[in-house]
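Coordinates as given in data.tsv (TSV, C-alpha atoms):
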chain	number	residue	atom	x	y	z
A	26	MET	CA	11.06	18.24	2.84
A	27	PRO	CA	10.16	18.46	6.56
A	28	SER	CA	12.77	20.31	8.58
A	29	ASP	CA	13.30	17.43	11.00
A	30	HIS	CA	14.17	15.16	8.04
A	31	LYS	CA	17.13	17.28	6.96
A	32	ASN	CA	20.67	16.02	7.61
A	33	ILE	CA	19.33	12.54	8.38
A	34	PRO	CA	21.66	9.72	7.22
A	35	PRO	CA	20.13	7.79	4.28
A	36	LEU	CA	20.60	4.53	6.17
A	37	LEU	CA	18.33	5.80	8.96
A	38	HIS	CA	15.49	6.40	6.48
A	39	MET	CA	15.90	2.80	5.33
A	40	THR	CA	16.10	1.44	8.89
A	41	GLY	CA	13.07	3.41	10.06
A	42	GLY	CA	11.10	2.30	7.02
A	43	ALA	CA	12.05	-1.37	7.48
A	44	LEU	CA	11.10	-1.30	11.17
A	45	SER	CA	7.77	0.35	10.44
A	46	GLY	CA	7.07	-2.15	7.67
A	47	MET	CA	7.78	-5.09	9.97
A	48	VAL	CA	5.38	-3.89	12.70
A	49	ALA	CA	2.62	-2.99	10.24
A	50	CYS	CA	2.71	-6.22	8.22
A	51	ILE	CA	2.75	-8.55	11.25
A	52	THR	CA	-0.04	-6.61	12.96
A	53	LEU	CA	-2.34	-6.39	9.94
A	54	GLN	CA	-1.58	-9.61	8.04
A	55	PRO	CA	-5.00	-11.16	8.90
A	56	LEU	CA	-6.77	-8.27	7.15
A	57	ASP	CA	-4.56	-8.67	4.08
A	58	LEU	CA	-5.37	-12.39	3.95
A	59	ILE	CA	-9.11	-11.78	4.35
A	60	LYS	CA	-9.08	-9.19	1.53
A	61	THR	CA	-7.36	-11.64	-0.85
A	62	ARG	CA	-9.78	-14.45	0.05
A	63	LEU	CA	-12.86	-12.24	-0.37
A	64	GLN	CA	-11.76	-11.14	-3.84
A	65	GLN	CA	-10.92	-14.72	-4.80
A	66	GLN	CA	-14.28	-16.07	-3.55
A	67	LYS	CA	-16.11	-13.47	-5.63
A	68	GLN	CA	-14.27	-14.69	-8.75
A	69	ASP	CA	-14.95	-18.36	-7.97
A	70	HIS	CA	-18.64	-17.78	-7.37
A	71	LEU	CA	-19.06	-15.79	-10.58
A	72	ALA	CA	-17.41	-18.61	-12.51
A	73	PHE	CA	-19.78	-21.11	-10.85
A	74	LEU	CA	-22.82	-19.00	-11.75
A	75	ARG	CA	-21.72	-18.82	-15.40
A	76	GLU	CA	-21.35	-22.61	-15.61
A	77	ALA	CA	-24.71	-23.13	-13.89
A	78	LYS	CA	-26.39	-20.76	-16.34
A	79	LYS	CA	-24.95	-22.68	-19.31
A	80	SER	CA	-26.40	-25.88	-17.85
A	81	GLY	CA	-29.81	-24.30	-17.39
A	82	LEU	CA	-29.63	-24.35	-13.58
A	83	LEU	CA	-30.94	-21.56	-11.39
A	84	VAL	CA	-28.55	-20.84	-8.54
A	85	SER	CA	-29.10	-18.01	-6.08
A	86	PRO	CA	-26.10	-15.70	-5.69
A	87	GLN	CA	-24.05	-16.11	-2.51
A	88	THR	CA	-22.33	-13.31	-0.68
A	89	SER	CA	-19.09	-13.85	1.20
A	90	THR	CA	-18.63	-11.69	4.27
A	91	MET	CA	-15.68	-10.89	6.50
A	92	TYR	CA	-17.25	-13.00	9.25
A	93	SER	CA	-17.81	-16.08	7.07
A	94	THR	CA	-14.31	-15.78	5.61
A	95	VAL	CA	-12.68	-15.56	9.05
A	96	ARG	CA	-14.80	-18.47	10.26
A	97	ASP	CA	-13.78	-20.66	7.31
A	98	ILE	CA	-10.08	-19.84	7.74
A	99	ILE	CA	-10.12	-20.64	11.47
A	100	ARG	CA	-12.16	-23.81	10.88
A	101	SER	CA	-9.66	-25.05	8.28
A	102	ASN	CA	-6.33	-23.85	9.69
A	103	GLY	CA	-6.96	-22.61	13.22
A	104	VAL	CA	-6.36	-19.08	14.48
A	105	SER	CA	-2.77	-19.20	13.22
A	106	GLY	CA	-4.21	-19.60	9.72
A	107	LEU	CA	-5.10	-15.90	9.79
A	108	TRP	CA	-1.37	-15.20	9.55
A	109	ARG	CA	-0.87	-17.42	6.49
A	110	GLY	CA	1.36	-15.57	4.05
A	111	THR	CA	3.18	-13.61	6.76
A	112	VAL	CA	6.62	-14.78	5.55
A	113	PRO	CA	6.21	-13.51	1.95
A	114	THR	CA	4.55	-10.39	3.36
A	115	ILE	CA	7.63	-9.72	5.51
A	116	LEU	CA	9.92	-10.49	2.56
A	117	ARG	CA	8.04	-7.87	0.56
A	118	ASN	CA	7.11	-5.23	3.14
A	119	VAL	CA	10.26	-4.98	5.25
A	120	PRO	CA	12.81	-4.37	2.45
A	121	GLY	CA	10.11	-2.71	0.34
A	122	SER	CA	9.18	-0.24	3.08
A	123	GLY	CA	12.85	0.45	3.82
A	124	MET	CA	13.60	1.12	0.15
A	125	TYR	CA	10.47	3.25	-0.23
A	126	PHE	CA	11.34	5.64	2.61
A	127	PHE	CA	14.95	5.77	1.41
A	128	ALA	CA	13.90	6.53	-2.18
A	129	LEU	CA	11.30	9.03	-0.97
A	130	ALA	CA	13.83	10.93	1.15
A	131	GLN	CA	16.37	11.02	-1.69
A	132	THR	CA	13.76	12.16	-4.24
A	133	ARG	CA	12.48	14.92	-1.96
A	134	GLU	CA	16.02	16.09	-1.28
A	135	THR	CA	16.88	16.12	-4.99
A	136	LEU	CA	13.75	18.09	-5.90
A	137	ALA	CA	14.39	20.62	-3.13
A	138	ARG	CA	18.06	21.01	-4.10
A	139	THR	CA	17.28	21.54	-7.80
A	140	ARG	CA	14.11	23.59	-7.31
A	141	HIS	CA	15.71	26.81	-8.50
A	142	HIS	CA	16.51	25.18	-11.88
A	143	TRP	CA	13.05	23.93	-12.84
A	144	GLN	CA	10.65	26.07	-10.81
A	145	PRO	CA	10.88	29.12	-13.16
A	146	TYR	CA	9.46	26.99	-16.00
A	147	LEU	CA	6.30	26.24	-14.01
A	148	ALA	CA	3.47	28.56	-13.03
A	149	PRO	CA	4.66	30.90	-10.26
A	150	ARG	CA	3.98	29.32	-6.90
A	151	SER	CA	5.13	29.87	-3.36
A	152	THR	CA	7.74	27.47	-2.01
A	153	LYS	CA	5.17	26.06	0.43
A	154	GLU	CA	2.69	25.30	-2.36
A	155	GLN	CA	5.46	23.89	-4.51
A	156	GLN	CA	6.46	21.48	-1.74
A	157	GLN	CA	2.95	20.02	-1.71
A	158	TRP	CA	3.27	19.03	-5.37
A	159	GLU	CA	6.81	17.80	-4.77
A	160	ASN	CA	5.35	15.45	-2.14
A	161	LEU	CA	2.88	14.13	-4.71
A	162	VAL	CA	5.58	13.50	-7.34
A	163	SER	CA	8.08	12.08	-4.83
A	164	GLY	CA	5.58	9.60	-3.42
A	165	MET	CA	4.53	8.39	-6.87
A	166	PHE	CA	8.09	7.99	-8.15
A	167	ALA	CA	9.43	6.21	-5.05
A	168	ARG	CA	6.49	3.78	-4.82
A	169	GLY	CA	6.51	3.00	-8.55
A	170	ALA	CA	10.23	2.21	-8.58
A	171	VAL	CA	10.20	0.10	-5.43
A	172	GLY	CA	7.01	-1.65	-6.52
A	173	TYR	CA	8.72	-2.90	-9.68
A	174	ILE	CA	11.72	-4.22	-7.73
A	175	MET	CA	9.49	-6.05	-5.23
A	176	MET	CA	6.93	-7.28	-7.78
A	177	PRO	CA	8.04	-10.97	-7.82
A	178	VAL	CA	7.63	-11.17	-4.04
A	179	THR	CA	4.21	-9.50	-4.32
A	180	VAL	CA	2.98	-12.11	-6.84
A	181	VAL	CA	4.24	-14.97	-4.65
A	182	LYS	CA	2.57	-13.39	-1.60
A	183	VAL	CA	-0.85	-13.03	-3.26
A	184	ARG	CA	-0.87	-16.60	-4.57
A	185	TYR	CA	0.41	-18.00	-1.30
A	186	GLU	CA	-2.40	-16.27	0.62
A	187	SER	CA	-4.97	-17.63	-1.81
A	188	ASN	CA	-6.37	-21.13	-1.22
A	189	PHE	CA	-6.76	-21.47	-4.99
A	190	TYR	CA	-3.19	-22.79	-5.33
A	191	ASN	CA	-2.63	-24.35	-1.86
A	192	TYR	CA	1.13	-23.87	-1.91
A	193	THR	CA	2.89	-25.38	1.10
A	194	SER	CA	5.95	-23.10	1.02
A	195	VAL	CA	7.19	-19.85	-0.47
A	196	SER	CA	9.86	-21.67	-2.50
A	197	GLN	CA	7.21	-23.99	-3.97
A	198	ALA	CA	5.07	-20.99	-4.95
A	199	PHE	CA	8.04	-19.26	-6.59
A	200	GLY	CA	9.08	-22.38	-8.51
A	201	SER	CA	5.54	-23.13	-9.64
A	202	ILE	CA	5.00	-19.61	-11.01
A	203	VAL	CA	8.27	-19.67	-12.97
A	204	LYS	CA	7.53	-23.16	-14.31
A	205	GLN	CA	3.98	-22.37	-15.44
A	206	ASP	CA	4.24	-18.73	-16.51
A	207	GLY	CA	7.96	-18.09	-16.87
A	208	ILE	CA	9.78	-15.08	-15.44
A	209	ARG	CA	7.02	-12.89	-16.85
A	210	GLY	CA	4.60	-14.51	-14.42
A	211	LEU	CA	6.52	-12.96	-11.51
A	212	PHE	CA	5.53	-9.54	-12.83
A	213	ALA	CA	1.86	-10.35	-13.47
A	214	GLY	CA	-0.35	-7.39	-12.62
A	215	TYR	CA	2.44	-4.81	-12.47
A	216	GLY	CA	0.47	-2.40	-14.66
A	217	ALA	CA	-2.47	-2.44	-12.22
A	218	THR	CA	-0.06	-2.40	-9.28
A	219	PHE	CA	1.70	0.69	-10.58
A	220	ILE	CA	-1.58	2.48	-11.35
A	221	ARG	CA	-2.69	1.64	-7.80
A	222	ASP	CA	0.50	2.16	-5.77
A	223	ALA	CA	2.05	5.20	-7.45
A	224	PRO	CA	-1.09	7.38	-7.19
A	225	PHE	CA	-1.82	5.97	-3.71
A	226	ALA	CA	1.61	6.96	-2.43
A	227	GLY	CA	1.44	10.39	-4.05
A	228	ILE	CA	-2.11	11.13	-2.89
A	229	TYR	CA	-1.35	9.75	0.57
A	230	LEU	CA	1.77	11.86	1.05
A	231	PHE	CA	0.00	14.96	-0.29
A	232	PHE	CA	-2.88	14.67	2.19
A	233	TYR	CA	-0.68	13.35	5.03
A	234	GLU	CA	1.69	16.33	5.07
A	235	ASN	CA	-1.16	18.84	4.67
A	236	CYS	CA	-3.28	17.20	7.36
A	237	LYS	CA	-0.30	16.97	9.72
A	238	GLN	CA	0.56	20.63	9.21
A	239	ALA	CA	-3.07	21.75	9.64
A	240	SER	CA	-3.40	19.68	12.85
A	241	LYS	CA	-0.27	21.22	14.35
A	242	LEU	CA	-1.42	24.75	13.49
A	243	TRP	CA	-4.85	24.06	14.99
A	244	ALA	CA	-3.30	22.68	18.20
A	245	GLU	CA	-0.99	25.69	18.50
A	246	HIS	CA	-3.81	28.15	17.83
A	247	HIS	CA	-6.02	26.60	20.54
A	248	GLN	CA	-3.04	26.04	22.83
A	249	TYR	CA	-3.58	22.29	23.03
A	250	HIS	CA	-0.65	19.98	23.63
A	251	VAL	CA	-1.08	17.02	21.28
A	252	ALA	CA	1.59	14.32	21.01
A	253	ASN	CA	3.36	14.20	17.64
A	254	ALA	CA	2.67	10.46	17.39
A	255	LEU	CA	-1.08	11.08	17.78
A	256	ILE	CA	-1.05	13.79	15.09
A	257	ASN	CA	0.92	11.51	12.74
A	258	LEU	CA	-1.44	8.60	13.38
A	259	GLY	CA	-4.59	10.67	12.82
A	260	SER	CA	-3.16	12.30	9.69
A	261	GLY	CA	-2.12	8.88	8.40
A	262	VAL	CA	-5.58	7.39	8.81
A	263	THR	CA	-7.26	10.39	7.14
A	264	ALA	CA	-4.86	10.36	4.20
A	265	GLY	CA	-5.07	6.57	3.96
A	266	VAL	CA	-8.87	6.48	3.70
A	267	THR	CA	-8.83	9.11	0.94
A	268	ALA	CA	-6.10	7.39	-1.09
A	269	THR	CA	-7.63	3.92	-0.59
A	270	ILE	CA	-11.05	4.86	-1.97
A	271	ILE	CA	-9.52	6.53	-5.04
A	272	THR	CA	-7.15	3.66	-5.92
A	273	HIS	CA	-9.13	0.56	-4.87
A	274	PRO	CA	-10.37	-0.43	-8.38
A	275	PHE	CA	-6.75	-1.00	-9.41
A	276	ASP	CA	-6.10	-3.11	-6.31
A	277	MET	CA	-8.99	-5.36	-7.27
A	278	LEU	CA	-7.71	-5.66	-10.87
A	279	LYS	CA	-4.17	-6.39	-9.62
A	280	THR	CA	-5.34	-9.23	-7.39
A	281	ARG	CA	-7.35	-10.88	-10.16
A	282	MET	CA	-4.52	-10.59	-12.68
A	283	GLN	CA	-2.11	-12.21	-10.21
A	284	LEU	CA	-4.47	-15.02	-9.18
A	285	LYS	CA	-5.74	-15.88	-12.67
A	286	PRO	CA	-3.39	-14.40	-15.29
A	287	THR	CA	-4.85	-16.60	-18.06
A	288	ILE	CA	-8.32	-15.07	-17.56
A	289	TYR	CA	-7.35	-11.54	-16.56
A	290	LYS	CA	-4.52	-10.80	-19.00
A	291	ASN	CA	-3.96	-7.04	-18.77
A	292	VAL	CA	-5.43	-3.96	-17.12
A	293	LEU	CA	-7.70	-2.91	-20.00
A	294	GLN	CA	-9.04	-6.39	-20.74
A	295	SER	CA	-9.59	-7.08	-17.03
A	296	ALA	CA	-11.43	-3.79	-16.53
A	297	ARG	CA	-13.73	-4.52	-19.47
A	298	LYS	CA	-14.44	-8.02	-18.17
A	299	VAL	CA	-15.28	-6.80	-14.66
A	300	LEU	CA	-17.49	-3.99	-16.00
A	301	ALA	CA	-19.39	-6.38	-18.29
A	302	GLU	CA	-19.91	-9.12	-15.69
A	303	GLU	CA	-20.23	-7.21	-12.43
A	304	GLY	CA	-20.92	-3.58	-13.27
A	305	LEU	CA	-19.27	-0.57	-11.67
A	306	MET	CA	-19.61	-1.95	-8.14
A	307	GLY	CA	-17.40	-4.87	-9.14
A	308	PHE	CA	-14.42	-2.50	-9.08
A	309	PHE	CA	-14.96	-2.00	-5.35
A	310	ASP	CA	-14.97	-5.70	-4.46
A	311	GLY	CA	-13.18	-6.14	-1.12
A	312	ILE	CA	-12.99	-2.42	-0.32
A	313	SER	CA	-14.43	-2.84	3.19
A	314	VAL	CA	-11.42	-4.83	4.38
A	315	ARG	CA	-8.95	-2.63	2.51
A	316	LEU	CA	-10.51	0.49	4.05
A	317	ILE	CA	-9.65	-0.95	7.46
A	318	ARG	CA	-6.23	-2.38	6.61
A	319	LYS	CA	-4.63	0.13	4.25
A	320	PRO	CA	-5.16	3.34	6.25
A	321	LEU	CA	-4.05	1.58	9.44
A	322	ASN	CA	-1.03	0.08	7.67
A	323	SER	CA	0.06	3.45	6.31
A	324	ALA	CA	-0.66	5.26	9.58
A	325	ILE	CA	1.32	2.74	11.67
A	326	ALA	CA	4.23	2.72	9.20
A	327	TRP	CA	4.46	6.51	8.96
A	328	THR	CA	4.04	7.04	12.71
A	329	ILE	CA	6.88	4.65	13.55
A	330	TYR	CA	9.09	6.04	10.78
A	331	GLU	CA	8.49	9.65	11.87
A	332	GLU	CA	9.26	8.75	15.50
A	333	VAL	CA	12.53	7.06	14.51
A	334	VAL	CA	13.59	10.13	12.51
A	335	ARG	CA	12.47	12.50	15.29
A	336	TRP	CA	14.34	10.47	17.91
A	337	TYR	CA	17.55	10.66	15.87
A	338	ALA	CA	17.14	14.39	15.22
A	339	ARG	CA	16.51	15.07	18.93
A	340	ASP	CA	19.44	12.89	20.01
A	341	ALA	CA	21.78	14.56	17.48
A	342	SER	CA	20.63	17.99	18.67
A	343	MET	CA	21.35	17.13	22.31
A	344	GLN	CA	24.83	15.87	21.47
A	345	THR	CA	25.56	19.08	19.51
A	346	ARG	CA	24.53	21.21	22.50
A	347	ARG	CA	26.85	19.25	24.80
A	348	LEU	CA	29.74	20.02	22.47

Give the structure from this file in structure tokens form.
Amino acid sequence: MPSDHKNIPPLLHMTGGALSGMVACITLQPLDLIKTRLQQQKQDHLAFLREAKKSGLLVSPQTSTMYSTVRDIIRSNGVSGLWRGTVPTILRNVPGSGMYFFALAQTRETLARTRHHWQPYLAPRSTKEQQQWENLVSGMFARGAVGYIMMPVTVVKVRYESNFYNYTSVSQAFGSIVKQDGIRGLFAGYGATFIRDAPFAGIYLFFYENCKQASKLWAEHHQYHVANALINLGSGVTAGVTATIITHPFDMLKTRMQLKPTIYKNVLQSARKVLAEEGLMGFFDGISVRLIRKPLNSAIAWTIYEEVVRWYARDASMQTRRL
């Protein structure tokens, strides 16, 4: 656990996480919407090609691009249409981000406090090396737990962003899902979500902390003064790109299972279907937008969170000195 995170009230971790989640989701909502639409359009076009083939028609494949998707959204709903789905995104990201940073801090603290009990049973490692693996486990556990709690909001968000359902309100989307698919429908795609989010959070935190530490050591060695916020932002983007590429196939499967649960029923069946119909590259459908959005989202969230924690630690230190 970073030294500046020690003795920080749990509520501050939650507040910093919620604030960072709010800024990130409002800023990057258009990219989230575009990613969902691109993945949906790919599904719709594949279905159209299959029907055309059955009818003996030859139809040339069409490729949706970020530009054409943005153009269609603005043409149909205006510029404000790019922020469609912001309300369910806020309902998911703000409490979700707050709970994630809270759970992460508590998990890290618990692992550090109990390290002397379980460390002897593992291969001998230095405390520094052990902390790297603790970051990996902490990130995976915190994200997996919070992801399950926030899953119903995630399903509503994905369907609301899609123009496949054309919901007019969040409450209508929620009611429709429960009516058609039952309570189980609110947890559609959790398997793919967990396989995506838990490793993403663990991999991200592993690379983020290592990259941040390496950057600070490099700056000190070369006697450069680099702002903490800039180091956090750069480390966040680097870690985000790495984690995004590794976990994107599960993001694609999650989206399809949530948009069309009757066609894409579970992770294994969905993976087989994608592989058979689209090949290996089908698993990376929509990665271009996610490679822009996800690293930026994580970098913004972590930078704001770290600054909130650092501000509190600095303020508490100044008050202690005055006493």

Exercise for the section: Would you list the contacts of region 301-308 of chain A as a list in words, taking every protein, DNA or RNA residue within 9 Å and counting all atoms listed in the file, but skipping same-chain residues closer than 2 positions in sequence? Expected result: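 Listed by chain and then number, they are Leu71, His273, Pro274, Phe275, Asp276, Met277, Leu278, Ala296, Arg297, Lys298, Val299, Asp310, Gly311 and Ile312 of chain A.
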
Since we have the selection now, will you write its residues out, keeping C-alpha atoms, as a short mmCIF file (atom, residue, chain, number, x, y, z; two decimals), in the frame of the given file?
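Below you can see again_22.cif, which holds the result:
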data_model
loop_
_atom_site.label_atom_id
_atom_site.label_comp_id
_atom_site.auth_asym_id
_atom_site.auth_seq_id
_atom_site.Cartn_x
_atom_site.Cartn_y
_atom_site.Cartn_z
CA LEU A 71 -19.06 -15.79 -10.58
CA HIS A 273 -9.13 0.56 -4.87
CA PRO A 274 -10.37 -0.43 -8.38
CA PHE A 275 -6.75 -1.00 -9.41
CA ASP A 276 -6.10 -3.11 -6.31
CA MET A 277 -8.99 -5.36 -7.27
CA LEU A 278 -7.71 -5.66 -10.87
CA ALA A 296 -11.43 -3.79 -16.53
CA ARG A 297 -13.73 -4.52 -19.47
CA LYS A 298 -14.44 -8.02 -18.17
CA VAL A 299 -15.28 -6.80 -14.66
CA ASP A 310 -14.97 -5.70 -4.46
CA GLY A 311 -13.18 -6.14 -1.12
CA ILE A 312 -12.99 -2.42 -0.32
#

Problem - Distance query region 224-240 of chain A at most 9 Å, all atoms listed in the file, self and fewer than 6 positions along chain excluded, as number ranges by chain - result: A: 27, 157-169, 256-257, 259-269, 271-272, 323

Problem - Distance of CA of Met176 (chain A) from CA of Thr94 (chain A), expressed in Å to one decimal place - result: 26.5 Å

Problem - CA of Tyr337 (chain A) to CA of Gly172 (chain A), straight-line distance in Å - result: 27.6 Å

Could you pull the residues within 9 Å of region 50-56 of chain A, counting only C-alpha atoms, minus those fewer than 6 positions along the same chain, as a CSV table (one decimal) with C-alpha atoms, keeping the file's coordinate frame?
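File result06.csv, as written:
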chain,number,residue,atom,x,y,z
A,95,VAL,CA,-12.7,-15.6,9.0
A,106,GLY,CA,-4.2,-19.6,9.7
A,107,LEU,CA,-5.1,-15.9,9.8
A,108,TRP,CA,-1.4,-15.2,9.6
A,109,ARG,CA,-0.9,-17.4,6.5
A,110,GLY,CA,1.4,-15.6,4.0
A,111,THR,CA,3.2,-13.6,6.8
A,114,THR,CA,4.6,-10.4,3.4
A,115,ILE,CA,7.6,-9.7,5.5
A,118,ASN,CA,7.1,-5.2,3.1
A,119,VAL,CA,10.3,-5.0,5.2
A,314,VAL,CA,-11.4,-4.8,4.4
A,315,ARG,CA,-9.0,-2.6,2.5
A,317,ILE,CA,-9.6,-1.0,7.5
A,318,ARG,CA,-6.2,-2.4,6.6
A,319,LYS,CA,-4.6,0.1,4.2
A,321,LEU,CA,-4.0,1.6,9.4
A,322,ASN,CA,-1.0,0.1,7.7

Fill in the blank from the handout: Shortest contact to Gly123 (chain A), candidates A:Val171, A:Ile270, A:Val195, A:Leu300, atoms counted all atoms listed in the file, goes to A:Val171

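When all atoms listed in the file are used to compute distances to Pro120 (chain A), the closest of the residues A:Leu316, A:Leu242, A:Leu44, A:Ile98 turns out to be A:Leu44.
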
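Between CA of Ser201 (chain A) and CA of Ser295 (chain A) lies a distance of 23.3 Å.
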
Practice task
For Met175 (chain A), list every protein, DNA or RNA residue within 10 Å, evaluated using only C-alpha atoms, and leave out those in the same chain fewer than 6 positions away; present the list as a list in words.
Solution key: Leu116, Arg117, Asn118, Pro120, Gly121, Met124, Leu211 and Phe212 of chain A
